[in-house]
Amino acid sequence: MATATTPRQAAAPHTVDRLFRLDGRVAVITGGAGMLGRKHAEAILEMGGRPVLLDVNPAKCRAAAEELAKSHGTAPEGHAVDITDRAAVAEAVERIVRAHGRIDILINNAAMTVESSSPISGYFAPFEDYDVALWEQALRVSLTGAFLCAQAVGKQMLRQRSGVILNIASDVGVISPDHRIYRPDGDYPGTPFNTPVSYAVAKAGLISFTRYLATYWAPHIRVNALSPAGVYNNHDEQFVKRLTNLIPMGRMATKDEYKGAVIFLVSDASAFMTGFNVVMDGGRTCW
Ligand SMILES: NC(=O)c1ccc[n+]([C@@H]2O[C@H](COP(=O)([O-])OP(=O)(O)OC[C@H]3O[C@@H](n4cnc5c(N)ncnc54)[C@H](O)[C@@H]3O)[C@@H](O)[C@H]2O)c1
């Protein structure tokens, strides 16, 4: 466990634009080829940083790098890695450190979502019949994956005596999903739809993991969480109506709306913040 007796003063002047800049910082993003992972990478590129995508799906990883090269002129490095595989994670981290000399930021963003793993038979099964293997698989990706990545990257950050970790949780890690908004017969033709118990429990676990590591690694490594709420992605209209009734701002998020919070949390703009969970949910958890 790290200890400190004197406050550290940043050498650079605290102008706001400098606080948010990430020039040259190396940022590893798990699930970096997914919908929000690409947005995190985009945000890091826009602030001068160097995103490195880790994703289990090599084709998606290549596509994400190509898309970012087209839109932002730089193709981020991508590694096809299953983050539940300890040896594969250690090997990828070693390769990244060999290439860049350091890792400044880790965003634990990968999760077993229906979009990334579809079609997974049984993903939306009722709790009473939920398959234990699917429950364990979801916990392995969200929790064990974050644990393994934090272990491997954290060792490097401790050597550097600096680093920032951001865990992507969810509003349903803070409150229960509202089961009343899901129709038992499904909102999509022939498909049941809900938030599975494993997803909500994994996200709650990630928030606890955030507090544990933040206190364990202070002051050298800062660890925070971001809990986004549902991003609109061509969902069924009736479902959107029922969900947005629960949100004071009356709508779902757009996929670009978390970029600002991500940059705040991984940059020096949040330098005196650790162990916190930023809930960005249009006000849903206020009532
Ligand atoms: N989209 C939303 O509405 C929303 C809301 C709240 C929280 N979140 C959280 O944001 C994060 C990103 O969500 P998203 O919508 O972009 O999901 P997504 O499904 O588009 O992306 C997840 C990515 O993780 C990768 N992945 C899955 N298992 C992996 C493994 N074992 N190793 C490495 N990579 C793996 C997938 O290939 C995929 O590219 C997730 O943690 C999700 O829970 C999303």
# chains A, B, ... in the order shown; residues from 1 in each chain; ligands from 1

call {"tool": "closest_atom_pairs", "arguments": {"of": "range 160-253 of chain A", "to": "range 34-57 of chain A", "cutoff": "12 Å", "atoms": "only C-alpha atoms", "output": "Markdown table"}}
result
| residue | atom | partner | partner_atom | distance |
| --- | --- | --- | --- | --- |
| A:Leu166 | CA | A:His40 | CA | 10.9 |
| A:Asn167 | CA | A:Gly37 | CA | 11.9 |
| A:Ile168 | CA | A:Leu36 | CA | 9.9 |
| A:Leu226 | CA | A:His40 | CA | 11.9 |
| A:Pro228 | CA | A:Leu36 | CA | 10.2 |
| A:Ala229 | CA | A:Leu36 | CA | 11.9 |
| A:Gly230 | CA | A:Leu36 | CA | 11.3 |
| A:Val231 | CA | A:Leu36 | CA | 9.2 |
| A:Tyr232 | CA | A:Met35 | CA | 11.2 |
| A:Asn233 | CA | A:Met35 | CA | 9.6 |
| A:Ala253 | CA | A:Leu36 | CA | 11.6 |

call {"tool": "residues_around", "arguments": {"residues": "range 63-65 of chain A", "least_positions_apart": "5", "cutoff": "6 Å", "atoms": "only C-alpha atoms", "output": "JSON, numbers by chain"}}
result
{"A": [33, 75, 76]}

call {"tool": "write_last_selection", "arguments": {"atoms": "C-alpha atoms", "output": "compact mmCIF listing (two decimals), in the first residue's frame"}}
result
# COMPACT_ATOMS: atom_id res chain seq x y z
CA ALA A 33 -13.85 -1.32 -30.08
CA ALA A 75 -5.22 5.12 -36.04
CA PRO A 76 -5.06 4.04 -32.41

call {"tool": "atom_distance", "arguments": {"atom1": "CA of Arg251 in chain A", "atom2": "atom 3 (O, counted along the ligand's line) of ligand 1"}}
result
12.2 Å

call {"tool": "residues_around", "arguments": {"residues": "range 12-26 of chain A", "least_positions_apart": "5", "cutoff": "12 Å", "atoms": "only C-alpha atoms", "output": "VMD selection string"}}
result
chain A and resid 41 43 to 53 76 to 77 93 96 to 97 99 to 107 153 157 162 to 165 259 to 272

call {"tool": "closest_residue", "arguments": {"among": "A:Ile207, A:Ala110, A:Ala133, A:Val279", "to": "ligand 1", "atoms": "only C-alpha atoms and all ligand atoms"}}
result
A:Ala110

call {"tool": "select_by_dssp", "arguments": {"residues": "range 39-236 of chain A", "states": "strand (DSSP E)", "output": "number ranges by chain"}}
result
A: 50-55, 77-80, 105-108, 163-168, 221-228

call {"tool": "write_last_selection", "arguments": {"atoms": "N, CA and C atoms", "output": "short mmCIF file (atom, residue, chain, number, x, y, z; two decimals), in the first residue's frame"}}
result
data_model
loop_
_atom_site.label_atom_id
_atom_site.label_comp_id
_atom_site.auth_asym_id
_atom_site.auth_seq_id
_atom_site.Cartn_x
_atom_site.Cartn_y
_atom_site.Cartn_z
N ARG A 50 -2.88 9.20 -26.45
CA ARG A 50 -2.64 8.07 -27.34
C ARG A 50 -3.46 6.86 -26.88
N PRO A 51 -4.67 6.69 -27.43
CA PRO A 51 -5.48 5.55 -26.99
C PRO A 51 -4.94 4.22 -27.50
N VAL A 52 -5.05 3.20 -26.67
CA VAL A 52 -4.69 1.83 -27.07
C VAL A 52 -5.91 0.97 -26.79
N LEU A 53 -6.47 0.37 -27.84
CA LEU A 53 -7.70 -0.39 -27.67
C LEU A 53 -7.40 -1.85 -27.36
N LEU A 54 -8.02 -2.39 -26.33
CA LEU A 54 -7.97 -3.83 -26.06
C LEU A 54 -9.39 -4.35 -26.26
N ASP A 55 -9.56 -5.32 -27.12
CA ASP A 55 -10.91 -5.86 -27.32
C ASP A 55 -10.81 -7.32 -27.73
N GLU A 77 -3.63 2.28 -31.68
CA GLU A 77 -3.12 0.91 -31.61
C GLU A 77 -4.25 0.02 -31.07
N GLY A 78 -4.34 -1.19 -31.62
CA GLY A 78 -5.38 -2.11 -31.13
C GLY A 78 -4.78 -3.47 -30.83
N HIS A 79 -5.22 -4.11 -29.75
CA HIS A 79 -4.76 -5.45 -29.43
C HIS A 79 -5.97 -6.33 -29.20
N ALA A 80 -6.00 -7.49 -29.90
CA ALA A 80 -7.09 -8.44 -29.68
C ALA A 80 -6.77 -9.23 -28.41
N ILE A 105 -3.11 5.93 -18.31
CA ILE A 105 -4.55 5.85 -18.06
C ILE A 105 -5.04 4.44 -18.40
N LEU A 106 -5.91 3.91 -17.54
CA LEU A 106 -6.60 2.65 -17.87
C LEU A 106 -8.10 2.90 -17.73
N ILE A 107 -8.85 2.61 -18.79
CA ILE A 107 -10.31 2.70 -18.70
C ILE A 107 -10.87 1.29 -18.78
N ASN A 108 -11.39 0.80 -17.65
CA ASN A 108 -12.02 -0.52 -17.61
C ASN A 108 -13.46 -0.36 -18.10
N GLY A 163 -0.67 7.50 -12.22
CA GLY A 163 -1.59 6.84 -13.14
C GLY A 163 -3.02 7.11 -12.73
N VAL A 164 -3.92 6.88 -13.68
CA VAL A 164 -5.34 7.12 -13.42
C VAL A 164 -6.13 5.93 -13.96
N ILE A 165 -7.05 5.43 -13.16
CA ILE A 165 -7.91 4.33 -13.61
C ILE A 165 -9.35 4.82 -13.56
N LEU A 166 -10.09 4.53 -14.63
CA LEU A 166 -11.51 4.88 -14.67
C LEU A 166 -12.31 3.61 -14.94
N ASN A 167 -13.21 3.28 -14.02
CA ASN A 167 -14.05 2.10 -14.20
C ASN A 167 -15.43 2.54 -14.72
N ILE A 168 -15.85 1.96 -15.82
CA ILE A 168 -17.15 2.33 -16.37
C ILE A 168 -18.21 1.42 -15.75
N ILE A 221 -1.92 6.42 -7.56
CA ILE A 221 -2.85 6.07 -8.65
C ILE A 221 -4.24 6.52 -8.22
N ARG A 222 -4.86 7.34 -9.04
CA ARG A 222 -6.25 7.74 -8.75
C ARG A 222 -7.20 6.75 -9.41
N VAL A 223 -8.29 6.42 -8.74
CA VAL A 223 -9.25 5.46 -9.29
C VAL A 223 -10.66 6.01 -9.08
N ASN A 224 -11.36 6.25 -10.17
CA ASN A 224 -12.75 6.74 -10.08
C ASN A 224 -13.63 5.88 -10.98
N ALA A 225 -14.93 6.09 -10.83
CA ALA A 225 -15.89 5.38 -11.69
C ALA A 225 -16.79 6.39 -12.37
N LEU A 226 -17.29 6.00 -13.52
CA LEU A 226 -18.31 6.78 -14.21
C LEU A 226 -19.50 5.85 -14.41
N SER A 227 -20.68 6.30 -13.97
CA SER A 227 -21.89 5.50 -14.15
C SER A 227 -22.80 6.17 -15.17
N PRO A 228 -22.69 5.73 -16.42
CA PRO A 228 -23.59 6.28 -17.43
C PRO A 228 -24.97 5.64 -17.32
#

call {"tool": "select_by_dssp", "arguments": {"residues": "range 166-209 of chain A", "states": "helix (DSSP H, G or I)", "output": "list in words"}}
result
Asp171, Val172, Gly173, His179, Arg180, Ile181, Val197, Ser198, Tyr199, Ala200, Val201, Ala202, Lys203, Ala204, Gly205, Leu206, Ile207, Ser208 and Phe209 of chain A

call {"tool": "closest_residue", "arguments": {"among": "A:Arg161, A:Arg86, A:His179, A:Arg95", "to": "Leu148 in chain A", "atoms": "only C-alpha atoms"}}
result
A:Arg86

call {"tool": "closest_residue", "arguments": {"among": "A:Phe127, A:Thr285, A:Ala146, A:Ala152", "to": "Ser176 in chain A", "atoms": "only C-alpha atoms"}}
result
A:Thr285

call {"tool": "atom_distance", "arguments": {"atom1": "CA of Thr113 in chain A", "atom2": "atom 19 (O, counted along the ligand's line) of ligand 1"}}
result
4.7 Å
